[in-house]
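S.K.: A single structure is presented below for examination.
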Amino acid sequence: MAELLALEGLCAGYGEGIVLDECSFTLDEGETLAVLGRNGAGKSTLLLTAMGQTRVRRGAIRWCGQDLIGVPRHRRAALGLGWVPQEREIFDSLSVEENLTVAARPGRWDLARVYGLFPRLRLRRRHWGNELSGGEQQMLAIGRALMLNPRLLLLDEPLEGLAPVIVEEVCAGIERMVASEGQSLVLVEQHVQQALALTQRCIVLERGRIVHAAGSSDMAQDAGRLDRWLGVRQRLEGEPA
Ligand SMILES: Nc1ncnc2c1ncn2[C@@H]1O[C@H](COP(=O)(O)OP(=O)(O)OP(=O)(O)O)[C@@H](O)[C@H]1O
């Protein structure tokens, strides 16, 4: 598969401060990657850097083999980098359907496919953005990013602050997105088990450095590393719930 995104020895941050320290990984078309780490580890900064929102101090970012440093955000979107920031950025005074179609670009993702991922959006299609619950807003933010038909979607903590039943619904949509359309994905998430279930590979960030890279299913079984780097305690077989 063709290489989409590559980071090589990347150091980046804000102003004079460096957050990402010598980060390197590649992602091919059709691949899915979870970015894990504790609060403040630099996960969002990684996505912001891919979208040109931070100051790169050293290293390289390539998109389909081309140098991406210095390319403005709108141009990165046009090149096929889709981004759903934590803030969601829904248009309050547009309907769900208008939010989805206002900046749509032709491609495999259209209204029918997005409604197929998130049936709740079809039911709410005539409601205003500001009438939606947090979970519905998240579904809409993902749907709107897909309507731009990105080659790679960057999702920043899509499950944050959602009730467990809505977490399941958003996860089911993301799972369908990957399974039905082979959507390439980088998923930043604090919900470690869900993120590992939705992706093929993962990296773990600690203080801006990639301290571990693994297959997601292997990582999901690795109680020692989950506990050490992510504070996730797995119940051992036979241990009471
Ligand atoms: N706009 C900014 N200006 C200066 N420092 C920032 C800015 N955004 C984030 N930081 C700092 O960069 C570091 C990494 O933050 P980042 O948000 O990337 O971590 P994170 O792993 O996504 O954390 P969380 O899971 O809590 O969102 C933190 O020390 C944070 O304070």
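In the structure tokens, chains take letters A, B, ... by order of appearance, with residues numbered from 1 within each chain and ligands from 1 in the order shown.
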Considering only C-alpha atoms and all ligand atoms, give me a table of residues in chain A that are at most 8 Å from ligand 1, with the closest atom pair and distance in Å for each, as JSON lines.
M.R.:
{"residue": "A:Gly13", "atom": "CA", "partner": "ligand 1", "partner_atom_place_in_ligand_line": "12 (O)", "distance": 7.0}
{"residue": "A:Tyr14", "atom": "CA", "partner": "ligand 1", "partner_atom_place_in_ligand_line": "4 (C)", "distance": 5.0}
{"residue": "A:Gly15", "atom": "CA", "partner": "ligand 1", "partner_atom_place_in_ligand_line": "4 (C)", "distance": 7.3}
{"residue": "A:Gly17", "atom": "CA", "partner": "ligand 1", "partner_atom_place_in_ligand_line": "5 (N)", "distance": 7.3}
{"residue": "A:Val19", "atom": "CA", "partner": "ligand 1", "partner_atom_place_in_ligand_line": "12 (O)", "distance": 5.5}
{"residue": "A:Leu36", "atom": "CA", "partner": "ligand 1", "partner_atom_place_in_ligand_line": "21 (O)", "distance": 7.7}
{"residue": "A:Gly37", "atom": "CA", "partner": "ligand 1", "partner_atom_place_in_ligand_line": "21 (O)", "distance": 5.9}
{"residue": "A:Arg38", "atom": "CA", "partner": "ligand 1", "partner_atom_place_in_ligand_line": "21 (O)", "distance": 5.9}
{"residue": "A:Asn39", "atom": "CA", "partner": "ligand 1", "partner_atom_place_in_ligand_line": "26 (O)", "distance": 3.6}
{"residue": "A:Gly40", "atom": "CA", "partner": "ligand 1", "partner_atom_place_in_ligand_line": "19 (O)", "distance": 3.4}
{"residue": "A:Ala41", "atom": "CA", "partner": "ligand 1", "partner_atom_place_in_ligand_line": "21 (O)", "distance": 3.8}
{"residue": "A:Gly42", "atom": "CA", "partner": "ligand 1", "partner_atom_place_in_ligand_line": "18 (O)", "distance": 3.3}
{"residue": "A:Lys43", "atom": "CA", "partner": "ligand 1", "partner_atom_place_in_ligand_line": "21 (O)", "distance": 3.8}
{"residue": "A:Ser44", "atom": "CA", "partner": "ligand 1", "partner_atom_place_in_ligand_line": "22 (O)", "distance": 3.7}
{"residue": "A:Thr45", "atom": "CA", "partner": "ligand 1", "partner_atom_place_in_ligand_line": "18 (O)", "distance": 3.7}
{"residue": "A:Leu46", "atom": "CA", "partner": "ligand 1", "partner_atom_place_in_ligand_line": "18 (O)", "distance": 6.6}
{"residue": "A:Glu157", "atom": "CA", "partner": "ligand 1", "partner_atom_place_in_ligand_line": "27 (O)", "distance": 7.7}
{"residue": "A:Val188", "atom": "CA", "partner": "ligand 1", "partner_atom_place_in_ligand_line": "22 (O)", "distance": 7.6}
{"residue": "A:Glu189", "atom": "CA", "partner": "ligand 1", "partner_atom_place_in_ligand_line": "25 (O)", "distance": 7.4}
{"residue": "A:Gln190", "atom": "CA", "partner": "ligand 1", "partner_atom_place_in_ligand_line": "25 (O)", "distance": 6.4}
{"residue": "A:Leu205", "atom": "CA", "partner": "ligand 1", "partner_atom_place_in_ligand_line": "21 (O)", "distance": 7.6}
{"residue": "A:Arg207", "atom": "CA", "partner": "ligand 1", "partner_atom_place_in_ligand_line": "14 (C)", "distance": 7.7}
{"residue": "A:Gly208", "atom": "CA", "partner": "ligand 1", "partner_atom_place_in_ligand_line": "14 (C)", "distance": 7.2}
S.K.: Report the residues of segment 6-224 of chain A whose backbone DSSP state falls under helix (DSSP H, G or I), written as JSON, numbers by chain.
M.R.: {"A": [43, 44, 45, 46, 47, 48, 49, 50, 73, 74, 75, 76, 77, 78, 79, 96, 97, 98, 99, 100, 101, 111, 112, 113, 114, 115, 116, 117, 119, 120, 121, 122, 123, 129, 130, 131, 134, 135, 136, 137, 138, 139, 140, 141, 142, 143, 144, 145, 146, 147, 164, 165, 166, 167, 168, 169, 170, 171, 172, 173, 174, 175, 176, 177, 178, 179, 180, 181, 192, 193, 194, 195, 196, 197, 198, 216, 217, 218, 219, 220, 221, 223, 224]}
S.K.: Could you take the residues named above and write them with C-alpha atoms, as a CSV table (one decimal), in the first residue's frame?
M.R.:
chain,number,residue,atom,x,y,z
A,43,LYS,CA,-1.3,13.3,21.5
A,44,SER,CA,-3.3,16.3,20.3
A,45,THR,CA,-0.1,18.1,19.5
A,46,LEU,CA,0.8,15.3,17.1
A,47,LEU,CA,-2.5,15.8,15.2
A,48,LEU,CA,-2.1,19.6,15.3
A,49,THR,CA,1.4,19.2,13.9
A,50,ALA,CA,0.1,17.1,11.0
A,73,ARG,CA,-4.1,24.0,6.9
A,74,HIS,CA,-6.6,24.6,4.1
A,75,ARG,CA,-4.1,23.3,1.6
A,76,ARG,CA,-3.6,20.2,3.8
A,77,ALA,CA,-7.3,19.6,3.8
A,78,ALA,CA,-7.4,19.9,0.0
A,79,LEU,CA,-4.6,17.3,-0.2
A,96,VAL,CA,-27.5,18.7,10.6
A,97,GLU,CA,-27.9,18.1,6.8
A,98,GLU,CA,-26.5,21.6,6.0
A,99,ASN,CA,-23.5,21.0,8.3
A,100,LEU,CA,-22.8,17.9,6.3
A,101,THR,CA,-23.3,19.3,2.8
A,111,LEU,CA,-24.9,11.7,2.7
A,112,ALA,CA,-26.3,8.2,2.4
A,113,ARG,CA,-23.0,6.6,3.5
A,114,VAL,CA,-22.6,9.0,6.4
A,115,TYR,CA,-26.2,8.4,7.5
A,116,GLY,CA,-25.4,4.7,7.2
A,117,LEU,CA,-22.6,5.1,9.7
A,119,PRO,CA,-28.4,6.5,11.6
A,120,ARG,CA,-29.1,8.9,14.5
A,121,LEU,CA,-27.9,11.8,12.2
A,122,ARG,CA,-30.6,10.9,9.6
A,123,LEU,CA,-33.3,11.1,12.3
A,129,GLY,CA,-26.4,22.1,15.3
A,130,ASN,CA,-27.1,23.7,18.7
A,131,GLU,CA,-30.0,21.3,19.4
A,134,GLY,CA,-22.6,15.9,22.8
A,135,GLY,CA,-22.7,12.5,21.2
A,136,GLU,CA,-24.7,13.7,18.2
A,137,GLN,CA,-22.4,16.6,17.7
A,138,GLN,CA,-19.4,14.2,17.7
A,139,MET,CA,-21.1,12.0,15.1
A,140,LEU,CA,-21.9,15.1,13.0
A,141,ALA,CA,-18.3,16.4,13.3
A,142,ILE,CA,-17.0,13.0,12.0
A,143,GLY,CA,-19.6,12.9,9.3
A,144,ARG,CA,-18.8,16.4,8.2
A,145,ALA,CA,-15.1,15.6,8.0
A,146,LEU,CA,-15.9,12.5,5.9
A,147,MET,CA,-18.0,14.5,3.5
A,164,PRO,CA,-21.2,4.8,27.8
A,165,VAL,CA,-24.1,4.0,25.6
A,166,ILE,CA,-23.2,6.8,23.2
A,167,VAL,CA,-19.5,5.7,23.3
A,168,GLU,CA,-20.7,2.4,21.9
A,169,GLU,CA,-22.7,4.1,19.2
A,170,VAL,CA,-19.8,6.3,18.1
A,171,CYS,CA,-17.4,3.3,18.2
A,172,ALA,CA,-19.9,1.3,16.0
A,173,GLY,CA,-19.9,4.1,13.5
A,174,ILE,CA,-16.1,4.4,13.4
A,175,GLU,CA,-15.9,0.6,13.1
A,176,ARG,CA,-18.2,0.6,10.1
A,177,MET,CA,-16.3,3.5,8.5
A,178,VAL,CA,-13.1,1.5,8.6
A,179,ALA,CA,-14.6,-1.9,7.7
A,180,SER,CA,-16.9,-0.7,4.9
A,181,GLU,CA,-14.8,1.9,3.2
A,192,VAL,CA,-7.6,2.7,25.5
A,193,GLN,CA,-9.5,-0.5,25.0
A,194,GLN,CA,-11.9,1.0,22.5
A,195,ALA,CA,-9.1,2.7,20.6
A,196,LEU,CA,-7.2,-0.6,20.4
A,197,ALA,CA,-10.3,-2.5,19.2
A,198,LEU,CA,-10.8,0.0,16.4
A,216,SER,CA,-3.3,-3.0,18.6
A,217,SER,CA,-4.5,-6.6,19.4
A,218,ASP,CA,-1.1,-7.4,21.0
A,219,MET,CA,-1.1,-4.2,23.0
A,220,ALA,CA,-4.7,-5.0,24.3
A,221,GLN,CA,-3.3,-8.2,25.9
A,223,ALA,CA,-1.2,-5.9,30.9
A,224,GLY,CA,2.3,-4.8,32.0
S.K.: Could you build a table of the residues in segment 18-134 of chain A lying no more than 7 Å from segment 150-153 of chain A, giving for each the nearest pair of atoms and their separation in Å rounded to one decimal place, using only C-alpha atoms, ordered by chain and ascending residue number, as a Markdown table?
M.R.:
| residue | atom | partner | partner_atom | distance |
| --- | --- | --- | --- | --- |
| A:Gly80 | CA | A:Pro150 | CA | 4.3 |
| A:Leu81 | CA | A:Leu152 | CA | 5.3 |
| A:Gly82 | CA | A:Leu153 | CA | 4.5 |
| A:Trp83 | CA | A:Leu153 | CA | 5.8 |
S.K.: Write out as a PyMOL selection string all residues of segment 10-179 of chain A that DSSP puts in strand (DSSP E or B) for this structure's backbone.
M.R.: chain A and resi 10-14+17-28+32-36+55-63+66-67+81-84+95+128+152-156
S.K.: Looking at only C-alpha atoms, which of A:Arg225, A:Arg57, A:Gly9, A:Phe91 is the one that sits closest to Ala103 of chain A?
M.R.: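 Checking each candidate against Ala103 of chain A, we get A:Phe91 as the closest.
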S.K.: Kindly indicate which residue among A:Ala163, A:Val71, A:Val35, A:Met51 lies nearest to Cys202 of chain A, using only C-alpha atoms for the distances.
M.R.: A:Val35
S.K.: Give the answer as one residue: which of A:Val204, A:Ala12, A:Cys64, A:Leu33 has the shortest atom-to-atom distance to Gln183 of chain A, using only C-alpha atoms?
M.R.: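 Ranked by minimum distance to Gln183 of chain A, first place goes to A:Leu33.
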S.K.: Name the residues in contact with Arg105 of chain A at a cut-off of 9 Å, using only C-alpha atoms, excluding same-chain residues fewer than 5 positions from it; report them as an MDAnalysis selection string.
M.R.: chainID A and resid 110 147:149
S.K.: Rank A:Val84, A:Leu5, A:Leu10, A:Val186 by their smallest atom-to-atom distance to Val56 of chain A, using only C-alpha atoms, and report the top residue only.
M.R.: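 Among A:Val84, A:Leu5, A:Leu10, A:Val186, it is A:Leu10 that comes nearest to Val56 of chain A.
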S.K.: Check the smallest atom-to-atom distance from each of A:Leu155, A:Ala6, A:Ala60, A:Ala214 to Arg88 of chain A using only C-alpha atoms, then report the winner.
M.R.: A:Leu155
S.K.: Extract, using only C-alpha atoms, all DNA, RNA and protein residues at most 6 Å from Ser95 of chain A, discarding same-chain residues fewer than 4 positions from it, and format them as a PyMOL selection string.
M.R.: chain A and resi 126-129
S.K.: Output N, CA and C atoms of each residue in that selection to a file, as a PDB file, in the first residue's frame.
M.R.:
ATOM      1  N   ARG A 126     -32.968  17.507  10.297  1.00  0.00           N
ATOM      2  CA  ARG A 126     -33.514  18.871  10.195  1.00  0.00           C
ATOM      3  C   ARG A 126     -33.291  19.691  11.473  1.00  0.00           C
ATOM      4  N   HIS A 127     -32.642  19.125  12.470  1.00  0.00           N
ATOM      5  CA  HIS A 127     -32.373  19.882  13.706  1.00  0.00           C
ATOM      6  C   HIS A 127     -31.146  20.780  13.531  1.00  0.00           C
ATOM      7  N   TRP A 128     -31.147  21.886  14.289  1.00  0.00           N
ATOM      8  CA  TRP A 128     -29.990  22.794  14.253  1.00  0.00           C
ATOM      9  C   TRP A 128     -28.820  22.183  15.006  1.00  0.00           C
ATOM     10  N   GLY A 129     -27.641  22.624  14.635  1.00  0.00           N
ATOM     11  CA  GLY A 129     -26.430  22.135  15.298  1.00  0.00           C
ATOM     12  C   GLY A 129     -26.487  22.305  16.804  1.00  0.00           C
TER      13      GLY A 129
END
S.K.: Determine the nearest neighbour of Glu29 of chain A from the options A:Trp229, A:Leu4, A:Leu162, A:Trp109, counting only C-alpha atoms.
M.R.: A:Leu4
S.K.: Would you work out the distance separating atom CA of Trp63 of chain A from atom CA of Val211 of chain A, expressed in Å to one decimal?
M.R.: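 Interatomic distance here is 23.4 Å.
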S.K.: Can you measure atom CA of Phe25 of chain A to atom CA of Gln53 of chain A for me? One decimal in Å is fine.
M.R.: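 Separation of atom CA of Phe25 of chain A and atom CA of Gln53 of chain A: 19.0 Å.
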S.K.: Could you work out how far atom CA of Gly107 of chain A lies from atom CA of Gly30 of chain A, giving the answer in Å with one decimal?
M.R.: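 Between these atoms lies a distance of 15.9 Å.
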